[in-house]
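Data block below; observations after.
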Amino acid sequence: MDDSCVLVDGPWTHRFVGANGTRFHAVETGTGPLVLLLHGFPEFWWAWHELLPGIADAGFRAVAVDMRGYGASDKPPRGYDGYTMAADVTGLIRALGERSAVIVGTGFGGMLGWTAAAFHPKMVRRLVVLGAAHPLRLRAALFADPRGQFSASANTLKFQIPRYEHALTRDDAELVGVFLRRCAGPSWLDSAGYPDYERRCREAMQIPQAAFCALEAYRWAFRSVLRLHGYRFVKALQQPLVTPTLQLHGAVDNAILPRTAQGSGRYVIAQYEWRLLDGVGHFPHVEAPETVLGEILRWVKS
C-alpha cells in the first residue's frame with residue numbers, strides 16, 4: 001500500500017503544505033475564514049469528506065489535513081510529543097496564510113485541538129471538539145475511574161508493546177476494523193456507508209510507517225507521565241482556555257466515556273457548550289454528519 005490510496009478525488013483540491021519542518025497533505029475547498037479539520041485514530045483526512053462541502057458552501061475555507069505520520073503526510077521517526085504536534089497545528093495555520101482559524105478536532109485530533117488552544121490561544125479563534133476529553137480530564141479519569149475510563153482505554157495500553165504496529169497491520173489491518181466496530185454506534189455500523197469507510201481506514205494504516213507513527217503519539221502520552229517534559233506539559237495545560245469551545249460527544253462512546261468528557265468544561269473560562277448526541281459512538285463526524293455540520297456552522301457563525 002502507498003499513499004496514493006488517500007488521494008481521493010472529489011469537490012476539493014489536494015495540496016502539500018510545509019509546516020513545523022514537516023510536509024503535510026491537505027485537502028481544501030471553499031474560500032473565507034479558515035476552518036482546520038483534525039482527524040483522529042485510526043482515520044485520515046477522509047474522516048471529513050462528508051463535512052468539507054457543507055462547510056465550504058456556508059462561506060468558509062475548509063481544510064482537512066493528514067496529521068503527522070498519517071496518510072500522505074510525512075512520517076518522521078520523531079516529533080509525536082504533545083508540544084510538537086500542537087506546533088504542527090499552529091504551523092499549518094500560518095502556512096495556509098492565516099493568522100488564526102477555527103479548529104475542529106475529533107478523537108486524538110480533538111486532544112490536539114485542546115492543546116493548541118491552550119498553548120497558542122491567539123491563533124485558535126474558536127474550537128469544536130468531538131469525542132475527546134480535555135487531556136487533563138482524561139488523565140485524571142484514568143486514575144480515578146479504574147472500572148470505567150481506565151478499562152475503556154485498555155486497547156491503547158497495548159500500543160505500548162514494542163513493535164505492536166505489526167499486529168495493527170496484520171491480516172489487512174484487521175485490528176483497525178476491530179477498533180472502529182468496537183467504538184462506533186450501532187446505527188452507523190448497520191449503515192450502507194460503513195464498509196467503505198472501514199476499508200479506506202484499513203488501507204491508509206497499511207501505508208509504510210503509518211502504523212508506527214500513529215502509535216508513537218500514544219506511547220509518548222503514557223511514557224511522558226514519569227518524565228520532566230511530561231510534567232511541564234501538564235503544567236502548561238493547566239492554563240484555562242480563553243477560546244470559545246463547543247464539545248460534542250456520543251452518548252454511547254465507549255472509548256472516551258461521556259462522564260469523562262463532560263468534566264472538560266472546568267478548563268474553559270470562555271464561552272462553553274456541551275452537547276450529548278443520542279445513539280452516537282466515538283465518531284460523531286461520520287455517524288451523524290448532518291447534526292455535526294449544523295453544530296459546527298452554528299458555532300463558527302456565532
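Just remember, in the C-alpha cells the first chain shown is A, the second B, etc., residues are 1-based per chain, and ligands are 1-based in the order shown.
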Give me the residues near A:Val300 as a list in words, where near means some atom within 12 Å (using only C-alpha atoms) and where sequence neighbours in that chain fewer than 6 positions away do not count.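 Skipping anything fewer than 6 positions along the chain leaves Gly32, Pro33, Leu34, Val35, Leu36, Ile55, Ala58, Gly59, Phe60, Arg61, Ala101, Val102, Ile103, Val104, Val124, Arg125, Arg126, Leu127, Val128, Thr243, Pro244, Thr245, Leu246, Leu293 and Gly294 of chain A.
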Deliver the residues from the most recent selection as a file, using N, CA, C and O atoms, as an mmCIF file, in the first residue's frame.
data_model
loop_
_atom_site.group_PDB
_atom_site.id
_atom_site.type_symbol
_atom_site.label_atom_id
_atom_site.label_comp_id
_atom_site.auth_asym_id
_atom_site.auth_seq_id
_atom_site.Cartn_x
_atom_site.Cartn_y
_atom_site.Cartn_z
ATOM 1 N N GLY A 32 -12.867 31.876 2.356
ATOM 2 C CA GLY A 32 -13.393 32.573 3.517
ATOM 3 C C GLY A 32 -12.544 32.286 4.737
ATOM 4 O O GLY A 32 -11.395 31.842 4.621
ATOM 5 N N PRO A 33 -13.063 32.536 5.937
ATOM 6 C CA PRO A 33 -12.326 32.239 7.166
ATOM 7 C C PRO A 33 -11.947 30.756 7.233
ATOM 8 O O PRO A 33 -12.716 29.888 6.831
ATOM 9 N N LEU A 34 -10.771 30.486 7.766
ATOM 10 C CA LEU A 34 -10.232 29.122 7.768
ATOM 11 C C LEU A 34 -10.868 28.264 8.863
ATOM 12 O O LEU A 34 -10.924 28.660 10.030
ATOM 13 N N VAL A 35 -11.317 27.071 8.473
ATOM 14 C CA VAL A 35 -11.748 26.030 9.405
ATOM 15 C C VAL A 35 -10.816 24.841 9.183
ATOM 16 O O VAL A 35 -10.834 24.220 8.121
ATOM 17 N N LEU A 36 -9.980 24.544 10.176
ATOM 18 C CA LEU A 36 -8.986 23.487 10.075
ATOM 19 C C LEU A 36 -9.513 22.240 10.763
ATOM 20 O O LEU A 36 -9.865 22.268 11.950
ATOM 21 N N ILE A 55 -19.236 22.822 4.786
ATOM 22 C CA ILE A 55 -18.541 23.954 5.411
ATOM 23 C C ILE A 55 -18.168 24.986 4.352
ATOM 24 O O ILE A 55 -18.304 26.196 4.561
ATOM 25 N N ALA A 58 -21.044 27.099 3.122
ATOM 26 C CA ALA A 58 -21.501 28.081 4.106
ATOM 27 C C ALA A 58 -20.619 29.318 4.143
ATOM 28 O O ALA A 58 -20.853 30.221 4.954
ATOM 29 N N GLY A 59 -19.599 29.377 3.274
ATOM 30 C CA GLY A 59 -18.769 30.571 3.183
ATOM 31 C C GLY A 59 -17.465 30.498 3.946
ATOM 32 O O GLY A 59 -16.921 31.534 4.341
ATOM 33 N N PHE A 60 -16.942 29.281 4.121
ATOM 34 C CA PHE A 60 -15.689 29.113 4.842
ATOM 35 C C PHE A 60 -14.677 28.359 3.982
ATOM 36 O O PHE A 60 -15.035 27.672 3.021
ATOM 37 N N ARG A 61 -13.420 28.514 4.330
ATOM 38 C CA ARG A 61 -12.335 27.768 3.708
ATOM 39 C C ARG A 61 -12.079 26.532 4.561
ATOM 40 O O ARG A 61 -11.506 26.614 5.645
ATOM 41 N N ALA A 101 -7.579 30.534 13.137
ATOM 42 C CA ALA A 101 -8.512 29.620 12.486
ATOM 43 C C ALA A 101 -9.473 29.058 13.517
ATOM 44 O O ALA A 101 -9.223 29.082 14.727
ATOM 45 N N VAL A 102 -10.578 28.544 13.015
ATOM 46 C CA VAL A 102 -11.446 27.691 13.817
ATOM 47 C C VAL A 102 -10.883 26.276 13.705
ATOM 48 O O VAL A 102 -10.630 25.793 12.595
ATOM 49 N N ILE A 103 -10.672 25.625 14.829
ATOM 50 C CA ILE A 103 -10.167 24.253 14.820
ATOM 51 C C ILE A 103 -11.298 23.309 15.187
ATOM 52 O O ILE A 103 -12.001 23.515 16.180
ATOM 53 N N VAL A 104 -11.459 22.279 14.367
ATOM 54 C CA VAL A 104 -12.425 21.216 14.637
ATOM 55 C C VAL A 104 -11.628 19.918 14.699
ATOM 56 O O VAL A 104 -10.992 19.525 13.723
ATOM 57 N N VAL A 124 -6.223 30.329 17.793
ATOM 58 C CA VAL A 124 -7.429 29.486 17.726
ATOM 59 C C VAL A 124 -8.628 30.359 18.044
ATOM 60 O O VAL A 124 -8.883 30.703 19.201
ATOM 61 N N ARG A 125 -9.347 30.743 16.995
ATOM 62 C CA ARG A 125 -10.470 31.671 17.155
ATOM 63 C C ARG A 125 -11.639 31.003 17.872
ATOM 64 O O ARG A 125 -12.247 31.572 18.764
ATOM 65 N N ARG A 126 -11.970 29.823 17.458
ATOM 66 C CA ARG A 126 -12.997 29.014 18.107
ATOM 67 C C ARG A 126 -12.597 27.554 18.005
ATOM 68 O O ARG A 126 -11.863 27.164 17.098
ATOM 69 N N LEU A 127 -13.107 26.741 18.924
ATOM 70 C CA LEU A 127 -12.727 25.335 18.996
ATOM 71 C C LEU A 127 -13.975 24.469 19.056
ATOM 72 O O LEU A 127 -14.909 24.761 19.810
ATOM 73 N N VAL A 128 -13.985 23.412 18.235
ATOM 74 C CA VAL A 128 -15.044 22.401 18.282
ATOM 75 C C VAL A 128 -14.366 21.053 18.515
ATOM 76 O O VAL A 128 -13.483 20.657 17.743
ATOM 77 N N THR A 243 -10.533 30.335 24.682
ATOM 78 C CA THR A 243 -11.132 30.140 23.363
ATOM 79 C C THR A 243 -12.556 29.617 23.515
ATOM 80 O O THR A 243 -12.773 28.617 24.213
ATOM 81 N N PRO A 244 -13.553 30.247 22.898
ATOM 82 C CA PRO A 244 -14.918 29.697 22.932
ATOM 83 C C PRO A 244 -14.925 28.266 22.405
ATOM 84 O O PRO A 244 -14.415 27.993 21.317
ATOM 85 N N THR A 245 -15.498 27.363 23.181
ATOM 86 C CA THR A 245 -15.368 25.934 22.901
ATOM 87 C C THR A 245 -16.725 25.246 22.886
ATOM 88 O O THR A 245 -17.530 25.408 23.811
ATOM 89 N N LEU A 246 -16.953 24.463 21.831
ATOM 90 C CA LEU A 246 -18.134 23.609 21.714
ATOM 91 C C LEU A 246 -17.675 22.165 21.784
ATOM 92 O O LEU A 246 -16.790 21.752 21.029
ATOM 93 N N LEU A 293 -22.418 18.936 11.315
ATOM 94 C CA LEU A 293 -22.232 20.072 10.427
ATOM 95 C C LEU A 293 -23.044 21.273 10.907
ATOM 96 O O LEU A 293 -22.537 22.409 10.952
ATOM 97 N N GLY A 294 -24.296 21.038 11.256
ATOM 98 C CA GLY A 294 -25.126 22.132 11.742
ATOM 99 C C GLY A 294 -24.563 22.778 12.995
ATOM 100 O O GLY A 294 -24.578 24.010 13.140
#
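Nearest residue to A:Arg94, choosing from A:Pro121, A:Gly18, A:Pro186, A:Gly40 and counting only C-alpha atoms: A:Gly18.
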Report the residues of stretch 173-252 of chain A whose backbone DSSP state falls under alpha helix (DSSP H), written as a PyMOL selection string. chain A and resi 173-183+186-189+194-205+210-223+228-237
Just want the 12 Å neighbourhood of A:Gly265, counted on only C-alpha atoms, with same-chain residues fewer than 6 positions away dropped. Output as a PyMOL selection string. chain A and resi 114+129+132-137+240-248+259+271-275
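By chain and then residue number, the residues within 9 Å of A:Ala214 are Phe41, Pro42, Arg68, Gly69, Tyr70, Tyr80, Glu165, Met205, Gln209, Ala210, Ala211, Phe212, Glu216, Ala217 and Tyr218 of chain A, counting only C-alpha atoms and disregarding those fewer than 2 positions away in sequence.
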Could you write out the selected residues, including N, CA, C and O atoms, as an mmCIF file, in the first residue's frame?
data_model
loop_
_atom_site.group_PDB
_atom_site.id
_atom_site.type_symbol
_atom_site.label_atom_id
_atom_site.label_comp_id
_atom_site.auth_asym_id
_atom_site.auth_seq_id
_atom_site.Cartn_x
_atom_site.Cartn_y
_atom_site.Cartn_z
ATOM 1 N N PHE A 41 -7.624 8.813 15.501
ATOM 2 C CA PHE A 41 -7.135 7.453 15.246
ATOM 3 C C PHE A 41 -8.346 6.539 15.102
ATOM 4 O O PHE A 41 -9.309 6.671 15.868
ATOM 5 N N PRO A 42 -8.337 5.606 14.164
ATOM 6 C CA PRO A 42 -7.314 5.262 13.166
ATOM 7 C C PRO A 42 -7.672 5.796 11.789
ATOM 8 O O PRO A 42 -7.667 5.060 10.801
ATOM 9 N N ARG A 68 0.607 14.512 11.223
ATOM 10 C CA ARG A 68 1.966 13.979 11.172
ATOM 11 C C ARG A 68 1.933 12.448 11.318
ATOM 12 O O ARG A 68 1.377 11.906 12.284
ATOM 13 N N GLY A 69 2.519 11.753 10.336
ATOM 14 C CA GLY A 69 2.593 10.305 10.404
ATOM 15 C C GLY A 69 1.440 9.570 9.752
ATOM 16 O O GLY A 69 1.479 8.346 9.623
ATOM 17 N N TYR A 70 0.399 10.279 9.328
ATOM 18 C CA TYR A 70 -0.789 9.638 8.748
ATOM 19 C C TYR A 70 -0.886 9.924 7.258
ATOM 20 O O TYR A 70 -0.370 10.931 6.760
ATOM 21 N N TYR A 80 6.311 13.150 17.922
ATOM 22 C CA TYR A 80 4.941 12.783 18.255
ATOM 23 C C TYR A 80 4.581 13.126 19.698
ATOM 24 O O TYR A 80 3.641 12.583 20.264
ATOM 25 N N GLU A 165 2.896 -2.208 16.112
ATOM 26 C CA GLU A 165 2.413 -1.754 14.810
ATOM 27 C C GLU A 165 2.281 -2.902 13.814
ATOM 28 O O GLU A 165 1.460 -2.855 12.891
ATOM 29 N N MET A 205 -3.866 2.792 6.994
ATOM 30 C CA MET A 205 -2.982 2.376 8.080
ATOM 31 C C MET A 205 -1.870 1.455 7.584
ATOM 32 O O MET A 205 -0.840 1.292 8.252
ATOM 33 N N GLN A 209 5.118 2.826 7.473
ATOM 34 C CA GLN A 209 5.425 3.643 8.656
ATOM 35 C C GLN A 209 4.208 4.318 9.290
ATOM 36 O O GLN A 209 4.324 4.901 10.368
ATOM 37 N N ALA A 210 3.044 4.265 8.663
ATOM 38 C CA ALA A 210 1.884 4.965 9.217
ATOM 39 C C ALA A 210 1.471 4.384 10.566
ATOM 40 O O ALA A 210 1.160 5.130 11.503
ATOM 41 N N ALA A 211 1.457 3.058 10.682
ATOM 42 C CA ALA A 211 1.048 2.435 11.939
ATOM 43 C C ALA A 211 2.023 2.773 13.064
ATOM 44 O O ALA A 211 1.614 3.094 14.183
ATOM 45 N N PHE A 212 3.315 2.724 12.771
ATOM 46 C CA PHE A 212 4.318 3.077 13.783
ATOM 47 C C PHE A 212 4.120 4.515 14.258
ATOM 48 O O PHE A 212 4.112 4.791 15.458
ATOM 49 N N GLU A 216 3.098 6.049 18.044
ATOM 50 C CA GLU A 216 4.103 6.812 18.776
ATOM 51 C C GLU A 216 3.481 7.925 19.614
ATOM 52 O O GLU A 216 3.957 8.222 20.711
ATOM 53 N N ALA A 217 2.434 8.564 19.118
ATOM 54 C CA ALA A 217 1.791 9.634 19.885
ATOM 55 C C ALA A 217 1.190 9.085 21.178
ATOM 56 O O ALA A 217 1.286 9.717 22.242
ATOM 57 N N TYR A 218 0.572 7.912 21.115
ATOM 58 C CA TYR A 218 0.013 7.293 22.315
ATOM 59 C C TYR A 218 1.128 6.838 23.255
ATOM 60 O O TYR A 218 0.989 6.918 24.487
#
Using DSSP assignments from the backbone, pull out every residue in stretch 59-228 of chain A that falls under strand (DSSP E or B) and give it to me as a list in words.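 Selection result, strand (DSSP E or B) within stretch 59-228 of chain A: Arg61, Ala62, Val63, Ala64, Val65, Ala101, Val102, Ile103, Val104, Gly105, Thr106, Val124, Arg125, Arg126, Leu127, Val128, Val129 and Leu130 of chain A.
Of the residues listed (A:Gly109, A:Ile207, A:Val178, A:Leu215), A:Leu215 shows the shortest atom-to-atom separation from A:Leu157; distances use only C-alpha atoms.
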In Å, rounded to a single decimal, give me how far atom CA of A:Thr29 is from atom CA of A:Thr13.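 Separating atom CA of A:Thr13 from atom CA of A:Thr29 is a distance of 6.4 Å.
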May I have the residues within 10 Å of A:His166 as a list in words, using only C-alpha atoms and disregarding those fewer than 4 positions away in the same chain? Pro162, Arg170, Asp171, Ala173, Gln206, Ala211 and Phe212 of chain A
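Taking atom CA of A:Leu112 and atom CA of A:Leu175 as endpoints, the distance between them is 23.7 Å.
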Under the rule that only C-alpha atoms are counted, which of A:Cys201, A:Ala56, A:Ala288, A:Ala19 is the nearest residue to A:Val89? A:Ala19
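Among the candidates A:Ala26, A:Ile296, A:Val234, A:Ile93, the residue lying nearest to A:Leu138 is A:Val234 (atoms considered: only C-alpha atoms).
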Which residues are close to stretch 187-198 of chain A, i.e. within 7 Å by only C-alpha atoms, leaving aside same-chain residues fewer than 4 positions away? Reply as a ChimeraX atom specification. /A:177,181,202,287
Which of these, A:Gly10, A:His39, A:Arg182, A:Leu257, has the shortest distance to A:Arg147 once you count only C-alpha atoms? A:Leu257
Correct to one decimal, the distance atom CA of A:Cys183-atom CA of A:Asn254 is 5.7 Å
With a distance cut-off of 9 Å and only C-alpha atoms, select the neighbouring residues of A:Thr115, excluding the residue or stretch itself and same-chain residues fewer than 6 positions from it, and output the selection as a ChimeraX atom specification. /A:82-83,85-86,134-135,237
Would you put the residues from that selection into a file with C-alpha atoms, as a PDB file, in the first residue's frame?
ATOM      1  CA  GLY A  82       2.262  16.969  22.564  1.00  0.00           C
ATOM      2  CA  TYR A  83       4.424  20.063  22.129  1.00  0.00           C
ATOM      3  CA  MET A  85       2.025  18.139  17.382  1.00  0.00           C
ATOM      4  CA  ALA A  86       0.378  21.259  18.818  1.00  0.00           C
ATOM      5  CA  HIS A 134      -9.512  17.641  27.744  1.00  0.00           C
ATOM      6  CA  PRO A 135      -6.116  15.893  28.206  1.00  0.00           C
ATOM      7  CA  LEU A 237      -2.171  22.653  30.034  1.00  0.00           C
TER       8      LEU A 237
END
